[in-house]
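A short worksheet on the structure shown next.
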Amino acid sequence: MTAAAVEFDRISMRFGAKTALDEVSLSVPEGAFVVLLGPSGGGKTTLLNILGGFLEPTAGRILIKGEDVTQMPPAKRPTTTVFQDYALFPHMTVGGNVAFGLKMRGIAKAERGPRVAAALEMVGLGDTAARRTHELSGGQRQRIALARSLVVEPSVLLLDEPLGALDLKLRRQMQDELKAIQRRVGTTFVHVTHDQDEAMAIADRIVVLNQGRIEDMGPPERIYLRPASRFTATFMGESNLIDGRVRAADHGKVAVETALGIFSVSGEATPDTAVVLSLRPEHLHSETAPGRQALGPAEVTETGFFGTHHLCGFRLAGQDTPMKARLPQKEIYRSGQALTFHLDPDDLVLLKR
Ligand code: ATP
């Protein structure tokens with residue numbers, strides 16, 4: 001079996017009394033695009049800095065391709081980092097910036113030229129080597145930073161909120177490019193962001209970090225559709241949370257009694273324990289269909305138009321908890337209107353309370 005590209009082995013980090021990371025263990029497979037996602041203060045940057053060697057963990061080990069690098073200084077590690085502020089040298093040309101790391105590693109000038117040209121070509125800036133960095137746009141500068149980090153052929157590329165300074169449209173475009181470049185070079189990428197849409201757009205695997213611990217990790221689809229915790233259900237997109245109690249459990253099916261009715265959902269649980277059911281707003285429908293269960297009468301409390309859909313706030317009769325449904329563009333309701341929502345119990349996710 002080949003070693004993982006990166007292995008975090010029970011990494012803890014304390015700053016005085018503050019625990020930034022609490023025994024984090026994580027294996028990053030070779031060639032993966034891993035995104036560390038979480039709210040501010042969750043520990044993402046600290047974990048990335050430990051991988052880059054900029055911080056030494058209070059406890060735990062870090063291995064890159066099977067080698068223990070916990071004590072190794074950043075310059076000796078087979079990693080490079082792309083920062084949000086690009087950190088380019090303003091007095092150098094684009095080519096000079098990209099060549100810098102090769103020069104520091106003692107690569108001969110004759111070899112540097114073609115490698116710099118190839119790296120710039122890869123990020124779509126093949127004709128800019130002689131230009132000054134300040135003549136270029138933010139998006140172009142970020143691509144140069146990427147070329148500069150990739151040209152030295154690191155085992156792992158670290159990206160610390162690399163698209164954070166770009167406007168939304170450019171950010172979305174750069175996400176697609178970043179993903180395409182990663183596929184082309186096949187290098188393992190570890191990317192930090194607090195933007196859940198960015199994480200879903202680029203990651204093979206998302207690691208949700210909250211309060212120094214891993215809340216959830218897996219492919220974006222799994223994390224979105226089957227979140228492992230209440231935190232993930234509400235941090236990655238919106239969810240309606242419905243309190244319930246397990247009435248029966250048998251062969252992977254659980255009967256949960258809630259104020260909205262009894263639902264048979266997939267999962268494992270102990271009878272008579274308190275649970276929460278999570279339901280995405282797009283899994284509530286105004287129309288019935290085979291397999292769908294009706295909820296009681298509801299009243300629309302607010303509506304918002306988002307171009308592709310409407311977000312509709314409502315309350316079920318006799319219930320205090322506000323709920324949200326995402327309805328098709330052409331289904332328009334007004335506040336105060338009465339309607340009945342339906343759901344497919346297979347869309348309910350069983351969570352521990
Ligand atoms: P953000 O998205 O805001 O950058 P993050 O998830 O990257 O957040 P970290 O920067 O890793 O979070 O911080 C994790 C926790 O550790 C926070 O509570 C932070 O205040 C604390 N912390 C980080 N660096 C230091 C430091 N040098 N000294 C003291 N506390 C620190």
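Residues in the structure tokens are named by chain (A, B, ... in the order shown) and by number from 1 within that chain; ligands are numbered from 1 in the order shown.
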
Using only C-alpha atoms and all ligand atoms, what are the residues with an atom within 8 Å of ligand 1, set out as a PDB file with C-alpha atoms, in the first residue's frame?
ATOM      1  CA  ARG A  14      -2.615  25.183  22.081  1.00  0.00           C
ATOM      2  CA  PHE A  15      -1.977  28.909  22.258  1.00  0.00           C
ATOM      3  CA  GLY A  16      -1.793  29.579  26.020  1.00  0.00           C
ATOM      4  CA  LYS A  18      -6.742  28.347  23.947  1.00  0.00           C
ATOM      5  CA  THR A  19      -6.984  24.971  22.211  1.00  0.00           C
ATOM      6  CA  ALA A  20      -6.925  25.675  18.463  1.00  0.00           C
ATOM      7  CA  LEU A  21      -6.722  21.991  17.438  1.00  0.00           C
ATOM      8  CA  LEU A  37     -13.841  24.229   5.546  1.00  0.00           C
ATOM      9  CA  GLY A  38     -15.247  25.811   8.650  1.00  0.00           C
ATOM     10  CA  PRO A  39     -16.250  28.963  10.460  1.00  0.00           C
ATOM     11  CA  SER A  40     -13.764  31.602  11.554  1.00  0.00           C
ATOM     12  CA  GLY A  41     -11.619  30.308  14.400  1.00  0.00           C
ATOM     13  CA  GLY A  42     -12.340  26.659  13.569  1.00  0.00           C
ATOM     14  CA  GLY A  43      -8.637  25.836  13.203  1.00  0.00           C
ATOM     15  CA  LYS A  44      -8.212  25.636   9.401  1.00  0.00           C
ATOM     16  CA  THR A  45      -5.274  28.031   9.069  1.00  0.00           C
ATOM     17  CA  THR A  46      -3.555  26.563  12.103  1.00  0.00           C
ATOM     18  CA  LEU A  47      -3.739  23.070  10.556  1.00  0.00           C
ATOM     19  CA  VAL A 192      -8.492  26.474   3.167  1.00  0.00           C
ATOM     20  CA  THR A 193     -11.744  28.382   2.806  1.00  0.00           C
ATOM     21  CA  HIS A 194     -14.776  29.415   4.821  1.00  0.00           C
ATOM     22  CA  LEU A 209     -13.425  21.873  11.073  1.00  0.00           C
ATOM     23  CA  ASN A 210     -15.201  23.481  14.002  1.00  0.00           C
ATOM     24  CA  GLN A 211     -13.705  24.475  17.346  1.00  0.00           C
ATOM     25  CA  GLY A 212     -10.511  22.582  16.634  1.00  0.00           C
TER      26      GLY A 212
END

So that I can check the secondary structure, give me every residue of segment 105-345 of chain A assigned strand (DSSP E or B) by backbone DSSP, as a PyMOL selection string. chain A and resi 132+156-160+188-193+205-210+213-218+240-250+253-258+261-266+274-279+285+293-305+309-316+323-328+338-343

What's around Ala201 of chain A at 12 Å? Count only C-alpha atoms, leave out sequence neighbours fewer than 3 positions away in its own chain, and write the answer as a ChimeraX atom specification. /A:33-35,171-180,193,195-198,204-206,219-221

When you count only C-alpha atoms, which of these residues is closest to Lys65 of chain A: A:Thr133, A:Thr79, A:Ser155, A:Gln84? A:Ser155

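If you measure from each of A:Leu311, A:Met323, A:Val275, A:Val69 to Glu299 of chain A using only C-alpha atoms, the closest one turns out to be A:Met323.
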
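Around Leu159 of chain A, within 7 Å and counting only C-alpha atoms, the residues found are Thr81, Val82, Phe83, Val190, His191 and Val192 of chain A, once anything fewer than 5 positions away on its own chain is removed.
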
Please measure the separation of atom CA of Asn240 of chain A and atom CA of Leu295 of chain A, giving the value in Å to one decimal. 13.6 Å

Nearest residue to Ala249 of chain A from the set A:Ala228, A:Met236, A:Leu350, A:Thr321 (distances using only C-alpha atoms):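 So, comparing all the options, the nearest one is A:Leu350.
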
Can you pull out every residue from segment 62-286 of chain A that DSSP, working from the backbone, puts in helix (DSSP H, G or I), and format the result as a PyMOL selection string? chain A and resi 74-76+94-104+109-122+133-135+138-150+168-185+196-202+220-225+230-235+281-283

Within 12 Å of Ala289 of chain A, counting only C-alpha atoms, which residues qualify if same-chain residues fewer than 2 places away don't, as number ranges by chain? A: 284-287, 291-294, 341-344

Deliver the residues from the most recent selection as a file, using C-alpha atoms, as a PDB file, in the first residue's frame.
ATOM      1  CA  LEU A 284     -40.027  20.359   0.695  1.00  0.00           C
ATOM      2  CA  HIS A 285     -42.563  20.419  -2.121  1.00  0.00           C
ATOM      3  CA  SER A 286     -45.934  22.074  -2.640  1.00  0.00           C
ATOM      4  CA  GLU A 287     -47.122  19.089  -4.674  1.00  0.00           C
ATOM      5  CA  GLY A 291     -43.614   8.269  -1.713  1.00  0.00           C
ATOM      6  CA  ARG A 292     -44.248  11.776  -0.404  1.00  0.00           C
ATOM      7  CA  GLN A 293     -45.844  12.379   2.971  1.00  0.00           C
ATOM      8  CA  ALA A 294     -48.014  15.467   3.610  1.00  0.00           C
ATOM      9  CA  PHE A 341     -46.031  20.892   2.026  1.00  0.00           C
ATOM     10  CA  HIS A 342     -44.922  17.350   1.241  1.00  0.00           C
ATOM     11  CA  LEU A 343     -41.688  15.508   1.824  1.00  0.00           C
ATOM     12  CA  ASP A 344     -40.119  12.202   0.940  1.00  0.00           C
TER      13      ASP A 344
END

Restricting the calculation to only C-alpha atoms, which member of A:Leu163, A:Ala147, A:Leu348, A:Ala338 is positioned closest to Ala233 of chain A? A:Leu348

Residues within 12 Å of Asp250 of chain A, only C-alpha atoms, excluding chain neighbours under 6 positions, as a VMD selection string: chain A and resid 256 264 to 271

Saved selection, atoms kept: C-alpha atoms, as a compact mmCIF listing (two decimals), in the first residue's frame:
# COMPACT_ATOMS: atom_id res chain seq x y z
CA VAL A 256 -39.17 8.77 14.58
CA SER A 264 -39.64 6.14 8.85
CA VAL A 265 -36.05 7.15 8.06
CA SER A 266 -32.79 5.35 7.27
CA GLY A 267 -30.19 4.95 10.00
CA GLU A 268 -29.47 3.35 13.33
CA ALA A 269 -30.75 4.54 16.70
CA THR A 270 -31.70 3.26 20.11
CA PRO A 271 -35.45 3.20 20.89
